[in-house]
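Report on the following structure.
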Amino acid sequence: MEAALYVVATPIGNLRDITLRALDVLTAADVVAAEDTRNTAHLLTYHSISANRLIAVHQHNERSAADKIIALLQAGQSVAFVSDAGTPAVSDPGALLVQAVRAAGLRVIPIPGASAVLAALSAAGLSEPHYLFYGFLPNKSAARCTVLQTLVNHPYMLVFYEAPHRIVECVADLCAVLGSERQIVLAREITKLFETIHACKLGDAETWLQSDINQQRGEFVVLVSGAMPQPGLPAQALATLSKLLDELPLKQAVQLAARITGANRNELYQRALQIKNPD
């Protein structure tokens with residue numbers, strides 16, 4: 001194999017959800033760098049691959065481990081990097097490692113495969129053509145609501161990751177900030193034994209979760225339909241205005257949004273006032 005860092009997607013649940021190319025790389029690589037060597041050893045053993053070449057690369061040692069991996073690559077060795085599940089560097093460790101390897105002038109090769117986001121999108125049944133993948137929201141309710149307030153007028157579907165011990169509180173905050181009428185899809189334990197994909201109105205989601213504590217278990221992908229565009233304002237103009245308001249004073253944001261999108265300045269101004277003062 002070429003002396004390169006191979007960023008390898010691994011299963012998100014079912015151990016057979018791995019590509020033939022990924023198995024080839026994991027078999028042939030000189031070193032396998034893993035977020036959790038125990039999890040990866042289990043995967044390798046399941047597929048009859050030697051687990052003797054494992055080293056740990058996780059969020060607590062990623063910077064120092066990058067130096068070690070760069071030295072291996074410069075010595076002509078190949079390194080396969082995996083996270084615990086899914087595609088590395090997507091709400092997982094890996095970005096710092098990839099950045100360091102590329103900065104050293106060495107090659108990074110993606111080996112695509114399982115992704116919880118794409119799996120959930122494919123089975124959600126939401127027809128919106130565009131989406132914003134946010135990843136994990138803040139742990140605390142106040143910070144979570146602050147972030148959601150910046151997304152309340154976003155016209156695209158919103159996609160989040162959430163942990164089981166926060167899912168009820170997260171859904172309650174989503175409903176409080178985004179409103180009860182939006183559609184939500186809760187995709188739980190994707191590809192695993194108790195996989196559940198439930199769609200309902202956002203206002204009904206907390207009741208559904210509370211009706212059966214088992215539905216609060218496992219890792220979640222949460223998909224929420226986007227904001228409906230306001231009459232007279234194209235979705236593109238609304239999105240542009242929302243982004244500019246995050247960085248600029250209201251009048252300046254309105255003027256620039258009108259110039260960029262060609263939308264009516266008065267309508268943009270009224271909408272900007274609503275965004276800044278939703279109550």
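Quick note on naming: the chains in the structure tokens go A, B, ... in the order shown, residues restart at 1 in each chain, and ligands are numbered from 1 in order of appearance.
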Counting only C-alpha atoms, which residues of segment 130-151 of chain A fall within 12 Å of segment 240-246 of chain A, and what is the closest atom pair for each with its distance in Å at one decimal, ordered by chain and rising number, as a tab-separated table?
residue	atom	partner	partner_atom	distance
A:Val147	CA	A:Asp246	CA	11.3
A:Gln149	CA	A:Ser242	CA	10.7
A:Thr150	CA	A:Asp246	CA	7.7
A:Leu151	CA	A:Ser242	CA	8.4
Could you list, as a list in words, every residue within 10 Å of Ser50 of chain A, counting only C-alpha atoms and ignoring same-chain residues fewer than 5 positions away?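 Contacts, with the query itself left out: Leu26, Thr27, Ala28, Ala41, Leu44 and Thr45 of chain A.
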Identify all residues of segment 34-126 of chain A in helix (DSSP H, G or I) (DSSP on the backbone) and supply them as a PyMOL selection string. chain A and resi 37-46+62-74+95-103+116-124
Writing out the chosen residues with N, CA and C atoms as a short mmCIF file (atom, residue, chain, number, x, y, z; two decimals), in the first residue's frame:
data_model
loop_
_atom_site.label_atom_id
_atom_site.label_comp_id
_atom_site.auth_asym_id
_atom_site.auth_seq_id
_atom_site.Cartn_x
_atom_site.Cartn_y
_atom_site.Cartn_z
N THR A 37 -9.27 1.29 20.82
CA THR A 37 -8.64 0.07 20.29
C THR A 37 -9.46 -1.18 20.63
N ARG A 38 -10.20 -1.16 21.74
CA ARG A 38 -11.00 -2.33 22.10
C ARG A 38 -12.16 -2.52 21.11
N ASN A 39 -12.85 -1.43 20.77
CA ASN A 39 -13.95 -1.53 19.80
C ASN A 39 -13.43 -1.99 18.44
N THR A 40 -12.32 -1.40 18.03
CA THR A 40 -11.78 -1.75 16.72
C THR A 40 -11.25 -3.16 16.69
N ALA A 41 -10.64 -3.63 17.80
CA ALA A 41 -10.17 -5.02 17.87
C ALA A 41 -11.33 -5.99 17.67
N HIS A 42 -12.49 -5.65 18.23
CA HIS A 42 -13.67 -6.50 18.05
C HIS A 42 -14.09 -6.55 16.59
N LEU A 43 -14.09 -5.38 15.93
CA LEU A 43 -14.45 -5.32 14.51
C LEU A 43 -13.46 -6.13 13.67
N LEU A 44 -12.18 -5.93 13.92
CA LEU A 44 -11.16 -6.64 13.13
C LEU A 44 -11.26 -8.15 13.34
N THR A 45 -11.45 -8.57 14.57
CA THR A 45 -11.55 -10.00 14.86
C THR A 45 -12.78 -10.60 14.17
N TYR A 46 -13.89 -9.86 14.17
CA TYR A 46 -15.11 -10.33 13.51
C TYR A 46 -14.85 -10.61 12.04
N GLU A 62 -5.00 13.41 20.26
CA GLU A 62 -4.97 13.50 18.80
C GLU A 62 -3.78 14.32 18.29
N ARG A 63 -3.47 15.42 18.96
CA ARG A 63 -2.36 16.26 18.49
C ARG A 63 -1.02 15.55 18.62
N SER A 64 -0.79 14.92 19.77
CA SER A 64 0.50 14.23 19.96
C SER A 64 0.57 12.97 19.10
N ALA A 65 -0.56 12.27 18.95
CA ALA A 65 -0.58 11.07 18.11
C ALA A 65 -0.32 11.41 16.65
N ALA A 66 -0.73 12.62 16.23
CA ALA A 66 -0.50 13.03 14.84
C ALA A 66 0.99 13.04 14.52
N ASP A 67 1.82 13.49 15.46
CA ASP A 67 3.27 13.52 15.22
C ASP A 67 3.80 12.10 15.01
N LYS A 68 3.30 11.15 15.79
CA LYS A 68 3.73 9.77 15.65
C LYS A 68 3.32 9.19 14.30
N ILE A 69 2.10 9.49 13.89
CA ILE A 69 1.60 8.97 12.62
C ILE A 69 2.35 9.60 11.45
N ILE A 70 2.64 10.88 11.54
CA ILE A 70 3.42 11.54 10.48
C ILE A 70 4.78 10.88 10.34
N ALA A 71 5.41 10.56 11.47
CA ALA A 71 6.71 9.88 11.42
C ALA A 71 6.60 8.52 10.75
N LEU A 72 5.51 7.79 11.03
CA LEU A 72 5.30 6.49 10.39
C LEU A 72 5.14 6.65 8.88
N LEU A 73 4.36 7.65 8.47
CA LEU A 73 4.13 7.88 7.05
C LEU A 73 5.43 8.28 6.35
N GLN A 74 6.21 9.13 7.00
CA GLN A 74 7.47 9.56 6.41
C GLN A 74 8.47 8.41 6.31
N ALA A 95 -10.27 15.24 12.51
CA ALA A 95 -10.00 16.45 11.73
C ALA A 95 -8.60 16.99 12.01
N LEU A 96 -8.18 17.01 13.27
CA LEU A 96 -6.85 17.52 13.61
C LEU A 96 -5.76 16.64 13.03
N LEU A 97 -5.98 15.33 13.08
CA LEU A 97 -5.02 14.39 12.51
C LEU A 97 -4.89 14.60 11.01
N VAL A 98 -6.00 14.66 10.32
CA VAL A 98 -5.98 14.87 8.87
C VAL A 98 -5.30 16.18 8.53
N GLN A 99 -5.63 17.22 9.27
CA GLN A 99 -5.03 18.54 9.03
C GLN A 99 -3.51 18.48 9.18
N ALA A 100 -3.04 17.82 10.22
CA ALA A 100 -1.60 17.73 10.47
C ALA A 100 -0.89 16.93 9.38
N VAL A 101 -1.50 15.84 8.95
CA VAL A 101 -0.89 15.00 7.91
C VAL A 101 -0.81 15.77 6.59
N ARG A 102 -1.88 16.48 6.25
CA ARG A 102 -1.88 17.26 5.02
C ARG A 102 -0.87 18.40 5.09
N ALA A 103 -0.76 19.04 6.26
CA ALA A 103 0.20 20.13 6.42
C ALA A 103 1.64 19.64 6.28
N ALA A 116 -24.27 7.69 9.76
CA ALA A 116 -25.57 7.75 10.43
C ALA A 116 -26.45 8.83 9.83
N VAL A 117 -25.86 9.95 9.44
CA VAL A 117 -26.63 11.05 8.85
C VAL A 117 -27.32 10.59 7.57
N LEU A 118 -26.56 10.01 6.66
CA LEU A 118 -27.13 9.61 5.37
C LEU A 118 -28.12 8.45 5.53
N ALA A 119 -27.83 7.53 6.45
CA ALA A 119 -28.77 6.44 6.69
C ALA A 119 -30.11 6.98 7.19
N ALA A 120 -30.06 7.93 8.12
CA ALA A 120 -31.30 8.51 8.64
C ALA A 120 -32.04 9.29 7.57
N LEU A 121 -31.32 10.08 6.78
CA LEU A 121 -31.96 10.85 5.72
C LEU A 121 -32.66 9.95 4.72
N SER A 122 -32.04 8.81 4.41
CA SER A 122 -32.61 7.93 3.39
C SER A 122 -33.91 7.28 3.84
N ALA A 123 -34.11 7.15 5.15
CA ALA A 123 -35.30 6.47 5.67
C ALA A 123 -36.28 7.42 6.34
N ALA A 124 -35.99 8.73 6.31
CA ALA A 124 -36.83 9.69 7.03
C ALA A 124 -38.11 10.02 6.28
#
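Using only C-alpha atoms for every distance, the candidate list A:Ile111, A:Cys145, A:Val185, A:Ala75 yields A:Val185 as the residue closest to Ile197 of chain A.
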Residues near Leu250 of chain A, cut-off 12 Å, only C-alpha atoms, skip fewer than 4 positions along chain, as an MDAnalysis selection string: chainID A and resid 241:246 254:257 265 268:277
Keeping N, CA and C atoms, export the residues of the selection given above as a PDB file, in the first residue's frame.
ATOM      1  N   LEU A 241     -30.261  36.665   4.752  1.00  0.00           N
ATOM      2  CA  LEU A 241     -30.526  37.651   5.799  1.00  0.00           C
ATOM      3  C   LEU A 241     -30.192  37.084   7.173  1.00  0.00           C
ATOM      4  N   SER A 242     -30.608  35.859   7.417  1.00  0.00           N
ATOM      5  CA  SER A 242     -30.365  35.232   8.718  1.00  0.00           C
ATOM      6  C   SER A 242     -28.872  35.135   9.013  1.00  0.00           C
ATOM      7  N   LYS A 243     -28.097  34.746   8.008  1.00  0.00           N
ATOM      8  CA  LYS A 243     -26.646  34.632   8.199  1.00  0.00           C
ATOM      9  C   LYS A 243     -26.001  35.987   8.428  1.00  0.00           C
ATOM     10  N   LEU A 244     -26.435  36.996   7.695  1.00  0.00           N
ATOM     11  CA  LEU A 244     -25.848  38.335   7.838  1.00  0.00           C
ATOM     12  C   LEU A 244     -26.178  38.941   9.201  1.00  0.00           C
ATOM     13  N   LEU A 245     -27.367  38.638   9.726  1.00  0.00           N
ATOM     14  CA  LEU A 245     -27.745  39.166  11.032  1.00  0.00           C
ATOM     15  C   LEU A 245     -26.893  38.603  12.153  1.00  0.00           C
ATOM     16  N   ASP A 246     -26.298  37.451  11.914  1.00  0.00           N
ATOM     17  CA  ASP A 246     -25.397  36.866  12.918  1.00  0.00           C
ATOM     18  C   ASP A 246     -24.104  37.663  13.041  1.00  0.00           C
ATOM     19  N   VAL A 254     -29.638  44.142   6.420  1.00  0.00           N
ATOM     20  CA  VAL A 254     -30.759  44.276   5.487  1.00  0.00           C
ATOM     21  C   VAL A 254     -30.286  44.856   4.156  1.00  0.00           C
ATOM     22  N   GLN A 255     -29.482  45.906   4.214  1.00  0.00           N
ATOM     23  CA  GLN A 255     -28.989  46.529   2.980  1.00  0.00           C
ATOM     24  C   GLN A 255     -28.174  45.545   2.147  1.00  0.00           C
ATOM     25  N   LEU A 256     -27.292  44.811   2.821  1.00  0.00           N
ATOM     26  CA  LEU A 256     -26.448  43.865   2.098  1.00  0.00           C
ATOM     27  C   LEU A 256     -27.266  42.698   1.555  1.00  0.00           C
ATOM     28  N   ALA A 257     -28.239  42.216   2.314  1.00  0.00           N
ATOM     29  CA  ALA A 257     -29.096  41.116   1.852  1.00  0.00           C
ATOM     30  C   ALA A 257     -29.896  41.536   0.626  1.00  0.00           C
ATOM     31  N   ARG A 265     -36.303  45.528   0.033  1.00  0.00           N
ATOM     32  CA  ARG A 265     -35.618  45.945   1.249  1.00  0.00           C
ATOM     33  C   ARG A 265     -36.590  46.110   2.418  1.00  0.00           C
ATOM     34  N   LEU A 268     -37.448  42.721   3.771  1.00  0.00           N
ATOM     35  CA  LEU A 268     -36.297  42.207   4.507  1.00  0.00           C
ATOM     36  C   LEU A 268     -36.170  42.883   5.868  1.00  0.00           C
ATOM     37  N   TYR A 269     -36.423  44.169   5.901  1.00  0.00           N
ATOM     38  CA  TYR A 269     -36.322  44.905   7.170  1.00  0.00           C
ATOM     39  C   TYR A 269     -37.349  44.393   8.180  1.00  0.00           C
ATOM     40  N   GLN A 270     -38.588  44.211   7.733  1.00  0.00           N
ATOM     41  CA  GLN A 270     -39.630  43.704   8.628  1.00  0.00           C
ATOM     42  C   GLN A 270     -39.296  42.301   9.123  1.00  0.00           C
ATOM     43  N   ARG A 271     -38.765  41.490   8.207  1.00  0.00           N
ATOM     44  CA  ARG A 271     -38.401  40.119   8.608  1.00  0.00           C
ATOM     45  C   ARG A 271     -37.226  40.141   9.581  1.00  0.00           C
ATOM     46  N   ALA A 272     -36.285  41.059   9.379  1.00  0.00           N
ATOM     47  CA  ALA A 272     -35.139  41.173  10.281  1.00  0.00           C
ATOM     48  C   ALA A 272     -35.594  41.554  11.683  1.00  0.00           C
ATOM     49  N   LEU A 273     -36.584  42.444  11.775  1.00  0.00           N
ATOM     50  CA  LEU A 273     -37.124  42.813  13.085  1.00  0.00           C
ATOM     51  C   LEU A 273     -37.741  41.607  13.790  1.00  0.00           C
ATOM     52  N   GLN A 274     -38.430  40.759  13.034  1.00  0.00           N
ATOM     53  CA  GLN A 274     -39.028  39.549  13.615  1.00  0.00           C
ATOM     54  C   GLN A 274     -37.947  38.586  14.100  1.00  0.00           C
ATOM     55  N   ILE A 275     -36.863  38.476  13.336  1.00  0.00           N
ATOM     56  CA  ILE A 275     -35.775  37.564  13.724  1.00  0.00           C
ATOM     57  C   ILE A 275     -35.110  38.057  15.002  1.00  0.00           C
ATOM     58  N   LYS A 276     -34.874  39.364  15.083  1.00  0.00           N
ATOM     59  CA  LYS A 276     -34.207  39.922  16.244  1.00  0.00           C
ATOM     60  C   LYS A 276     -35.108  39.963  17.482  1.00  0.00           C
ATOM     61  N   ASN A 277     -36.410  40.079  17.248  1.00  0.00           N
ATOM     62  CA  ASN A 277     -37.358  40.175  18.370  1.00  0.00           C
ATOM     63  C   ASN A 277     -38.512  39.213  18.127  1.00  0.00           C
TER      64      ASN A 277
END
Which of these residues is nearest to Glu219 of chain A, using only C-alpha atoms: A:Gly94, A:Gly232, A:Gly262, A:Pro164? A:Pro164
When you look at Pro129 of chain A with a cut-off of 12 Å (counting only C-alpha atoms), what residues show up, excluding the ones that are within fewer than 5 positions of it in the same chain? I need them as a PyMOL selection string. chain A and resi 121-122+155-158+225-226
Using only C-alpha atoms, determine which residues lie at most 12 Å from Leu20 of chain A, disregarding the query and same-chain residues fewer than 2 positions distant; provide the list as a ChimeraX atom specification. /A:8-10,16-18,22-27,47,111-113
Contacts of Ala176 of chain A within 10 Å, only C-alpha atoms, excl. fewer than 4 positions in-chain, as a PyMOL selection string: chain A and resi 145+148+170-172+180+202-203
Please run DSSP on the backbone and report, as a PyMOL selection string, all residues within segment 24-265 of chain A that come out as strand (DSSP E or B). chain A and resi 31-34+54-56+79-82+86+108-111+131-136+157-162+183-188+196-201+220-224
Shell around Glu162 of chain A at 8 Å using only C-alpha atoms, local window under 5 positions removed, as a VMD selection string: chain A and resid 136 to 137 167 170 219 to 222
Written file, previous selection with C-alpha atoms, as a compact mmCIF listing (two decimals), in the first residue's frame:
# COMPACT_ATOMS: atom_id res chain seq x y z
CA PHE A 136 -24.33 17.71 18.56
CA LEU A 137 -26.11 20.64 20.19
CA ILE A 167 -33.03 13.33 24.03
CA CYS A 170 -33.48 18.29 23.52
CA GLU A 219 -27.92 7.08 19.92
CA PHE A 220 -30.22 9.38 17.95
CA VAL A 221 -30.21 11.21 14.65
CA VAL A 222 -32.84 13.95 14.89
Give me, as JSON lines, the closest atom pair and its distance (Å, one decimal) for every residue of segment 18-54 of chain A within a cut-off of 6 Å of segment 76-88 of chain A, counting only C-alpha atoms, rows sorted by chain and rising number.
{"residue": "A:Ala29", "atom": "CA", "partner": "A:Ser78", "partner_atom": "CA", "distance": 5.3}
{"residue": "A:Asp30", "atom": "CA", "partner": "A:Ser78", "partner_atom": "CA", "distance": 5.2}
{"residue": "A:Val31", "atom": "CA", "partner": "A:Val79", "partner_atom": "CA", "distance": 4.8}
{"residue": "A:Val32", "atom": "CA", "partner": "A:Ala80", "partner_atom": "CA", "distance": 4.7}
{"residue": "A:Ala33", "atom": "CA", "partner": "A:Phe81", "partner_atom": "CA", "distance": 4.6}
{"residue": "A:Ala34", "atom": "CA", "partner": "A:Val82", "partner_atom": "CA", "distance": 5.0}
{"residue": "A:Glu35", "atom": "CA", "partner": "A:Ser83", "partner_atom": "CA", "distance": 4.8}
Atom pair atom CA of Asp173 of chain A + atom CA of Gln215 of chain A, distance 18.1 Å
Using atom CA of Val7 of chain A and atom CA of His130 of chain A as the two end points, give the distance in Å to one decimal. 26.0 Å
Report the distance between atom CA of Val168 of chain A and atom CA of Asp212 of chain A in Å, rounded to one decimal place. 11.7 Å
